[in-house]
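Heads up, input.txt below (compact mmCIF, C-alpha atoms and all ligand atoms):
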# COMPACT_ATOMS: atom_id res chain seq x y z
CA MET A 131 13.98 -32.82 52.09
CA LYS A 132 11.71 -35.71 52.87
CA VAL A 133 13.13 -39.11 51.97
CA LEU A 134 11.22 -42.36 51.82
CA LEU A 135 13.31 -45.46 52.47
CA VAL A 136 11.90 -48.92 51.78
CA GLU A 137 14.38 -51.58 52.85
CA ASP A 138 13.74 -54.86 54.65
CA GLU A 139 17.29 -55.54 55.83
CA LYS A 140 17.19 -54.06 59.28
CA ARG A 141 20.88 -53.29 59.69
CA MET A 142 21.11 -51.66 56.30
CA ALA A 143 17.96 -49.64 56.97
CA GLN A 144 19.24 -48.44 60.34
CA ALA A 145 22.59 -47.46 58.87
CA LEU A 146 20.91 -45.55 56.05
CA CYS A 147 18.51 -43.77 58.40
CA GLY A 148 21.48 -42.68 60.50
CA ILE A 149 23.49 -41.38 57.55
CA LEU A 150 20.52 -39.57 56.04
CA SER A 151 19.56 -37.83 59.25
CA ILE A 152 23.13 -36.67 59.77
CA GLU A 153 22.87 -35.15 56.30
CA LYS A 154 19.67 -33.38 57.43
CA TYR A 155 17.30 -35.46 55.34
CA GLU A 156 14.04 -36.25 57.05
CA VAL A 157 13.60 -40.02 56.65
CA ASP A 158 10.53 -42.23 56.86
CA TYR A 159 11.33 -45.90 56.78
CA TYR A 160 9.27 -48.97 55.85
CA ALA A 161 10.37 -52.60 55.67
CA ASP A 162 7.41 -53.91 53.71
CA GLY A 163 6.71 -53.38 50.01
CA ALA A 164 2.99 -52.73 50.39
CA ASP A 165 3.60 -50.09 53.08
CA GLY A 166 6.28 -48.57 50.88
CA LEU A 167 3.88 -48.33 47.95
CA CYS A 168 1.25 -46.64 50.12
CA ALA A 169 3.84 -44.18 51.36
CA ILE A 170 5.21 -43.21 47.95
CA GLU A 171 1.71 -42.77 46.59
CA SER A 172 1.07 -40.11 49.22
CA GLY A 173 3.29 -37.89 47.06
CA ILE A 174 4.83 -36.14 50.07
CA TYR A 175 8.37 -37.34 49.47
CA ASP A 176 11.09 -35.46 47.62
CA ILE A 177 13.07 -38.64 46.98
CA ALA A 178 12.43 -42.37 47.42
CA ILE A 179 15.09 -45.04 47.99
CA LEU A 180 13.74 -48.51 47.25
CA ASP A 181 15.34 -51.87 47.78
CA VAL A 182 14.49 -54.38 45.03
CA MET A 183 13.84 -57.56 47.04
CA LEU A 184 11.13 -56.76 49.55
CA PRO A 185 8.45 -58.74 51.30
CA GLY A 186 4.99 -58.11 49.88
CA ILE A 187 5.54 -56.06 46.75
CA ASP A 188 9.05 -55.84 45.27
CA GLY A 189 10.80 -52.57 44.46
CA PHE A 190 10.20 -52.78 40.69
CA GLU A 191 6.51 -53.28 41.24
CA ILE A 192 6.36 -50.28 43.58
CA VAL A 193 7.97 -48.13 40.89
CA ARG A 194 5.62 -49.33 38.17
CA LYS A 195 2.51 -48.89 40.27
CA ALA A 196 3.54 -45.48 41.60
CA ARG A 197 4.42 -44.14 38.14
CA LYS A 198 1.14 -45.45 36.77
CA LYS A 199 -0.62 -43.39 39.42
CA GLY A 200 1.31 -40.32 38.31
CA VAL A 201 3.79 -40.15 41.20
CA ARG A 202 6.78 -38.15 39.96
CA THR A 203 9.03 -38.50 43.00
CA PRO A 204 12.63 -39.27 41.91
CA ILE A 205 13.43 -42.89 42.75
CA LEU A 206 16.78 -44.48 43.53
CA MET A 207 16.81 -48.30 43.47
CA LEU A 208 19.15 -50.34 45.62
CA THR A 209 20.12 -53.62 43.97
CA ALA A 210 22.28 -56.49 45.14
CA LYS A 211 25.10 -57.39 42.74
CA ALA A 212 23.29 -60.57 41.69
CA GLU A 213 20.30 -58.49 40.65
CA LEU A 214 22.36 -56.16 38.52
CA ASP A 215 20.77 -57.45 35.31
CA ASP A 216 17.52 -56.26 36.75
CA LYS A 217 18.64 -52.69 36.72
CA VAL A 218 17.33 -52.25 33.19
CA ASN A 219 14.05 -53.61 34.42
CA GLY A 220 13.99 -51.00 37.16
CA LEU A 221 14.95 -48.08 34.99
CA ASP A 222 12.43 -49.14 32.34
CA GLY A 223 9.77 -49.29 35.01
CA GLY A 224 10.35 -45.64 35.85
CA ALA A 225 13.16 -45.56 38.42
CA ASP A 226 15.58 -42.67 37.95
CA ASP A 227 18.80 -44.23 39.13
CA TYR A 228 20.17 -47.34 40.80
CA LEU A 229 22.98 -48.15 43.18
CA THR A 230 24.56 -51.58 43.59
CA LYS A 231 25.09 -52.95 47.09
CA PRO A 232 27.52 -52.66 48.74
CA PHE A 233 28.00 -48.96 48.09
CA MET A 234 29.96 -46.11 49.62
CA THR A 235 28.04 -43.55 51.67
CA LYS A 236 29.65 -40.80 49.60
CA GLU A 237 28.28 -42.35 46.43
CA LEU A 238 24.78 -42.62 47.85
CA LEU A 239 24.77 -39.00 48.97
CA ALA A 240 26.05 -37.81 45.60
CA ARG A 241 23.28 -39.74 43.81
CA LEU A 242 20.68 -38.27 46.14
CA ARG A 243 21.89 -34.74 45.48
CA ALA A 244 21.76 -35.37 41.74
CA LEU A 245 18.24 -36.77 42.02
CA CYS A 246 17.21 -33.83 44.12
CA ARG A 247 18.37 -31.53 41.34
CA ARG A 248 16.62 -33.66 38.75
CA GLY A 249 13.48 -33.59 40.89
CA SER A 250 13.49 -29.86 40.54
CA ASN A 251 13.43 -30.58 36.87
CA MET A 252 13.94 -28.22 33.97
CA LEU A 253 11.19 -28.89 31.45
CA ASP A 254 10.90 -26.62 28.39
CA GLY A 255 12.83 -23.89 30.15
CA VAL A 256 10.73 -24.19 33.29
CA LEU A 257 12.41 -25.03 36.59
CA THR A 258 10.20 -26.24 39.40
CA PHE A 259 10.57 -26.72 43.12
CA GLY A 260 7.73 -27.38 45.55
CA ASP A 261 4.92 -25.02 44.58
CA ILE A 262 7.00 -22.59 42.57
CA SER A 263 8.12 -22.65 38.98
CA LEU A 264 10.56 -20.44 37.22
CA ASP A 265 10.09 -19.68 33.55
CA ALA A 266 13.40 -18.92 31.87
CA ASN A 267 11.77 -17.68 28.68
CA ARG A 268 9.64 -15.07 30.37
CA SER A 269 11.73 -14.46 33.48
CA THR A 270 8.72 -15.04 35.68
CA LEU A 271 8.06 -16.72 38.99
CA PHE A 272 4.83 -18.69 39.13
CA CYS A 273 3.08 -20.35 42.07
CA THR A 274 1.49 -23.59 40.92
CA VAL A 275 -1.00 -23.56 43.81
CA THR A 276 -2.29 -19.97 43.73
CA GLY A 277 -1.80 -19.47 39.99
CA GLN A 278 -0.16 -16.07 40.67
CA SER A 279 2.93 -14.97 38.78
CA VAL A 280 5.37 -12.09 38.92
CA LEU A 281 8.17 -10.78 36.75
CA LEU A 282 11.68 -11.24 38.13
CA SER A 283 14.72 -9.08 37.65
CA GLU A 284 17.75 -10.80 36.18
CA LYS A 285 19.45 -11.10 39.58
CA GLU A 286 16.32 -12.40 41.31
CA TYR A 287 15.91 -14.98 38.59
CA ARG A 288 19.49 -16.14 38.92
CA ILE A 289 19.26 -16.35 42.71
CA LEU A 290 16.20 -18.60 42.50
CA GLU A 291 17.70 -20.66 39.72
CA TYR A 292 20.82 -21.24 41.81
CA LEU A 293 18.80 -22.10 44.94
CA ILE A 294 16.54 -24.52 43.07
CA GLY A 295 19.51 -26.20 41.40
CA ASN A 296 21.01 -26.77 44.86
CA CYS A 297 17.90 -27.56 46.86
CA GLY A 298 18.62 -29.53 49.98
CA GLN A 299 21.85 -27.63 50.49
CA ILE A 300 22.67 -24.42 52.27
CA LEU A 301 24.33 -21.88 50.00
CA THR A 302 26.63 -19.41 51.69
CA ARG A 303 26.49 -15.67 51.08
CA GLU A 304 29.92 -15.99 49.57
CA GLN A 305 28.81 -18.68 47.11
CA LEU A 306 25.82 -16.58 46.11
CA ALA A 307 27.88 -13.41 45.72
CA VAL A 308 30.44 -15.15 43.55
CA LYS A 309 27.83 -17.01 41.51
CA ILE A 310 25.50 -14.07 40.88
CA TRP A 311 27.88 -11.10 40.90
CA GLY A 312 31.07 -12.89 40.03
CA LEU A 313 32.97 -10.89 42.61
CA GLU A 314 34.75 -11.89 45.75
CA ASN A 315 34.49 -8.38 47.03
CA GLU A 316 33.34 -8.01 50.65
CA ALA A 317 31.14 -5.02 49.70
CA GLU A 318 29.08 -7.22 47.40
CA TYR A 319 27.82 -9.36 50.24
CA ASN A 320 25.28 -6.70 51.12
CA ASN A 321 23.84 -7.10 47.65
CA VAL A 322 23.07 -10.71 48.44
CA GLU A 323 20.95 -9.68 51.41
CA VAL A 324 19.19 -6.93 49.51
CA TYR A 325 18.33 -9.13 46.54
CA MET A 326 17.42 -12.01 48.81
CA SER A 327 14.82 -9.80 50.42
CA PHE A 328 13.47 -8.68 47.00
CA THR A 329 13.23 -12.32 45.95
CA ARG A 330 11.48 -13.33 49.16
CA LYS A 331 8.93 -10.53 48.73
CA LYS A 332 8.12 -11.82 45.25
CA MET A 333 7.72 -15.37 46.54
CA LYS A 334 5.32 -14.05 49.17
CA PHE A 335 3.53 -11.99 46.55
CA VAL A 336 2.67 -15.07 44.47
CA GLY A 337 1.59 -16.88 47.65
CA ALA A 338 4.27 -19.57 47.50
CA LYS A 339 4.80 -21.89 50.45
CA ALA A 340 8.31 -22.55 49.24
CA GLU A 341 10.56 -20.10 51.01
CA ILE A 342 14.14 -18.98 51.31
CA LYS A 343 15.30 -19.69 54.84
CA ALA A 344 18.20 -17.76 56.24
CA ILE A 345 20.48 -19.98 58.27
CA ARG A 346 22.12 -17.58 60.70
CA GLY A 347 25.80 -17.23 60.14
CA VAL A 348 25.80 -19.79 57.34
CA GLY A 349 23.69 -18.80 54.37
CA TYR A 350 20.41 -19.56 52.67
CA GLU A 351 18.40 -22.59 51.79
CA LEU A 352 15.29 -23.07 49.69
CA ARG A 353 12.66 -25.03 51.57
CA TYR A 354 9.23 -26.30 50.87
CA ASP A 355 7.11 -27.65 53.67
CA ASP A 356 3.87 -29.01 52.39
CA VAL A 357 2.42 -30.06 55.69
CA GLN A 358 1.66 -27.03 57.78
CA CA B 1 15.90 -56.77 50.49
Would you give me this structure, written as structure tokens?
Amino acid sequence: MKVLLVEDEKRMAQALCGILSIEKYEVDYYADGADGLCAIESGIYDIAILDVMLPGIDGFEIVRKARKKGVRTPILMLTAKAELDDKVNGLDGGADDYLTKPFMTKELLARLRALCRRGSNMLDGVLTFGDISLDANRSTLFCTVTGQSVLLSEKEYRILEYLIGNCGQILTREQLAVKIWGLENEAEYNNVEVYMSFTRKKMKFVGAKAEIKAIRGVGYELRYDDVQ
């Protein structure tokens, strides 16, 4: 998950960068509004965290300009208490959520996870993540870059749906087994591996760059690395 952070208060920015990297987010940080706008317009970020009061261009302006250019990156605004009235302004301008300073780390991380899920948005029964989209109505996997699609079995569909809904997190074999098969039976864990390999083959077949990474001894995570 690539996160863009635009925040001019140095201590706050450093603290946030630290927290986010511990949580395995890859953070790029800018202190100036104009640099922040340039960065978000690159479209490479999965989430953007924008402070409101910034030198150069303020956070609201960044949101408005980026949205006007068609940037769909989920945006979380950070507002000081005194600016709380401005939150409507921010949300109207196209921000997805806001957080009032000071905030708890736990709260920030929860909001980011929610935005991450929203970023992999469900529109008209279509779930998207990176270069793949999942059509619930037709049970198909589609690669938005190659234009290739493939029919999924019910289990494959549910595995991808679960992974997309929890992007940015590692799902354990146990979680997957319980979620997809509804059993806490040890024997079912093999099914997870078998279906995971079916699902991966189909992702390869459509030419998707998004991939299911196996984290040894832990579980699986859906990843999309644009720059390669
Ligand atoms: Ca500020």
Exercise for review: Could you report the residues within 7 Å of ligand CA 1 (chain B), using all atoms listed in the file, as an MDAnalysis selection string?
Suggested key: chainID A and resid 137:139 181:184
Exercise for review: Go through A:Met333, A:Leu282, A:Ala240, A:Val348 one by one, measure the shortest atom-to-atom distance of each to Thr302 in chain A using all atoms listed in the file, and give the residue with the smallest value.
Suggested key: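 Smallest distance to Thr302 in chain A is found for A:Val348.
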Point to revise | A:Thr235, A:Asn296, A:Asn320, A:Ser263 ranked by distance to Ala338 in chain A, top pick (using all atoms listed in the file) | key: A:Ser263
Review point. Separation of CA of Tyr354 in chain A and CA of Leu150 in chain A, in Å?
Key: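 Going from CA of Tyr354 in chain A over to CA of Leu150 in chain A covers 18.2 Å.
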Exercise for review: Using CA of Asp162 in chain A and CA of Thr209 in chain A as the two end points, give the distance in Å to one decimal.
Suggested key: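 Computed distance, CA of Asp162 in chain A to CA of Thr209 in chain A, equals 16.0 Å.
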Practice item. In the coordinate frame of the file, compute which residues have an atom within 10 Å of (7.9, -16.9, 36.0) when using all atoms listed in the file, and state them as JSON, numbers by chain. Key: {"A": [256, 257, 262, 263, 264, 265, 266, 267, 268, 269, 270, 271, 272, 273, 278, 279, 280, 281, 282, 287]}
**Study point:** Distance in Å - CA of Gly295 in chain A versus CA of Phe233 in chain A
**Key:**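 These two atoms are separated by 25.2 Å.
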**Study point:** For Tyr160 in chain A, the nearest of the candidates A:Leu206, A:Val136, A:Val193, A:Arg247, counting all atoms listed in the file
**Key:**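 Closest to Tyr160 in chain A of all the choices is A:Val136.
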